[in-house]
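Remarks on the structure that follows.
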Amino acid sequence: MQGNDREMSQEEAVATPTGENSDDSQKPESVEETLRKELDIARKEIESLKDSWTRERAEFQNYKRRSAQEFSNIKREAVKSLVTEFLNPIDNLDRVASGVNVTEELKPFVDGVTMIQKEFYSVLERSNVFRQYPQGESFDPTSMEALSSEEGDQYKEETVIEVYQAGFYIKENEDKFSLRPARVRIGKPKA
């Protein structure tokens with residue numbers, strides 16, 4: 001009799017896969033329903049992971065953009081700091097090279113200074129630093145400093161008629177950042 005009891009319990013277990021008593025109030029889930037629920041849970045988890053990945057990617061792109069901008073600013077400030085220190089020696093080379101009374105004895109010396117000056121400008125240009133010598137150009141108050149002016153009928157607009165000291169600027173893409181304004185004398189139309 002004990003053998004039959006054992007068989008009964010196995011039959012009951014097979015009849016109720018959840019191991020519970022088979023009541024009419026609780027229907028066991030079919031395999032299909034169970035798989036659907038698991039699939040829905042997996043889909044929700046995938047959407048959550050996709051959303052998380054998208055947010056992380058956007059944050060990383062923002063980080064890269066900020067880092068590139070910070071690097072560009074640091075580089076520009078380093079170049080600006082270094083070049084600013086060289087501007088007075090470059091101005092002195094300009095003065096030597098533009099000597100009015102160059103004798104035959106001094107000509108080789110002045111030619112050497114001119115070569116050194118050209119080499120300085122070449123190095124600066126490789127670092128995107130350019131010299132501004134606006135002789136004959138329209139006056140631009142954002143990149144020039146007018147030290148004196150004169151009025152005349154020959155001027156239709158404010159024009160640079162003499163450059164006392166060249167200006168320098170850093171060029172990045174299409175942007176220009178002034179290192180030093182050009183110091184100039186301007187001609188203005190009569191009022």
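By convention here, the chains of the structure tokens are called A, B, ... in the order presented, each chain's residues are numbered starting at 1, and ligands are numbered starting at 1 in the order presented.
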
Per DSSP on the backbone, filter stretch 30-153 of chain A down to the residues in alpha helix (DSSP H) and report them as a compact mmCIF listing (two decimals) with C-alpha atoms, in the first residue's frame.
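Just written: out30.txt:
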```
# COMPACT_ATOMS: atom_id res chain seq x y z
CA VAL A 31 5.11 27.29 -21.06
CA GLU A 32 4.12 29.84 -23.70
CA GLU A 33 2.88 32.36 -21.12
CA THR A 34 6.02 31.90 -19.06
CA LEU A 35 8.22 32.50 -22.10
CA ARG A 36 6.20 35.60 -23.05
CA LYS A 37 6.71 37.05 -19.57
CA GLU A 38 10.42 36.31 -19.71
CA LEU A 39 10.60 37.87 -23.19
CA ASP A 40 8.83 41.01 -21.95
CA ILE A 41 11.23 41.25 -19.02
CA ALA A 42 14.20 40.80 -21.38
CA ARG A 43 12.83 43.48 -23.75
CA LYS A 44 12.44 45.94 -20.87
CA GLU A 45 15.96 45.20 -19.73
CA ILE A 46 17.29 45.72 -23.28
CA GLU A 47 15.49 49.08 -23.55
CA SER A 48 16.90 50.09 -20.18
CA LEU A 49 20.43 49.11 -21.25
CA LYS A 50 20.02 50.90 -24.60
CA ASP A 51 18.88 54.05 -22.81
CA SER A 52 21.77 53.81 -20.37
CA TRP A 53 24.24 53.24 -23.23
CA THR A 54 22.86 56.21 -25.18
CA ARG A 55 23.20 58.48 -22.14
CA GLU A 56 26.75 57.29 -21.46
CA ARG A 57 27.70 57.82 -25.12
CA ALA A 58 26.28 61.36 -25.07
CA GLU A 59 28.16 62.13 -21.85
CA PHE A 60 31.37 60.77 -23.38
CA GLN A 61 30.91 62.87 -26.54
CA ASN A 62 30.38 65.96 -24.37
CA TYR A 63 33.49 65.06 -22.38
CA LYS A 64 35.55 64.74 -25.58
CA ARG A 65 34.27 68.09 -26.86
CA ARG A 66 35.00 69.82 -23.53
CA SER A 67 38.47 68.24 -23.37
CA ALA A 68 39.28 69.35 -26.91
CA GLN A 69 38.09 72.87 -26.14
CA GLU A 70 40.12 72.99 -22.91
CA PHE A 71 43.20 71.68 -24.73
CA SER A 72 42.75 74.32 -27.44
CA ASN A 73 42.43 77.07 -24.81
CA ILE A 74 45.49 75.85 -22.90
CA LYS A 75 47.52 75.63 -26.11
CA ARG A 76 46.44 79.12 -27.20
CA GLU A 77 47.32 80.59 -23.79
CA ALA A 78 50.72 78.85 -23.78
CA VAL A 79 51.53 80.14 -27.27
CA LYS A 80 50.21 83.58 -26.32
CA SER A 81 52.38 83.68 -23.20
CA LEU A 82 55.52 82.58 -25.03
CA VAL A 83 55.04 84.82 -28.07
CA THR A 84 54.25 87.86 -25.94
CA GLU A 85 57.67 87.51 -24.35
CA PHE A 86 59.31 87.54 -27.81
CA LEU A 87 57.49 90.59 -29.19
CA ASN A 88 59.95 93.21 -27.89
CA PRO A 89 63.03 91.37 -29.24
CA ILE A 90 61.23 90.95 -32.58
CA ASP A 91 60.44 94.68 -32.59
CA ASN A 92 64.13 95.39 -32.01
CA LEU A 93 65.05 93.17 -34.95
CA ASP A 94 62.54 95.16 -37.04
CA ARG A 95 64.25 98.39 -36.05
CA VAL A 96 67.67 97.07 -37.04
CA ALA A 97 66.39 95.64 -40.32
CA LYS A 107 74.98 95.59 -45.02
CA PRO A 108 76.07 91.99 -44.17
CA PHE A 109 75.08 92.55 -40.54
CA VAL A 110 71.66 93.96 -41.50
CA ASP A 111 71.16 91.12 -43.99
CA GLY A 112 71.90 88.61 -41.20
CA VAL A 113 69.43 90.32 -38.88
CA THR A 114 66.82 90.23 -41.69
CA MET A 115 67.38 86.49 -42.12
CA ILE A 116 66.94 85.93 -38.37
CA GLN A 117 63.80 88.07 -38.45
CA LYS A 118 62.32 86.03 -41.33
CA GLU A 119 63.10 82.83 -39.46
CA PHE A 120 61.27 84.16 -36.37
CA TYR A 121 58.21 84.97 -38.49
CA SER A 122 58.34 81.52 -40.08
CA VAL A 123 58.41 79.82 -36.67
CA LEU A 124 55.52 82.00 -35.48
CA GLU A 125 53.45 81.20 -38.56
CA ARG A 126 53.92 77.46 -37.98
```

(message) From a backbone DSSP assignment, name each residue in chain A labelled strand (DSSP E or B), as a ChimeraX atom specification.
(response) /A:129-132,138,144-152,159-165,167-172,175-180,182-189

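Among the candidates A:Ala191, A:Ala166, A:Leu106, A:Leu179, the residue lying nearest to A:Arg131 is A:Ala166 (atoms considered: only C-alpha atoms).
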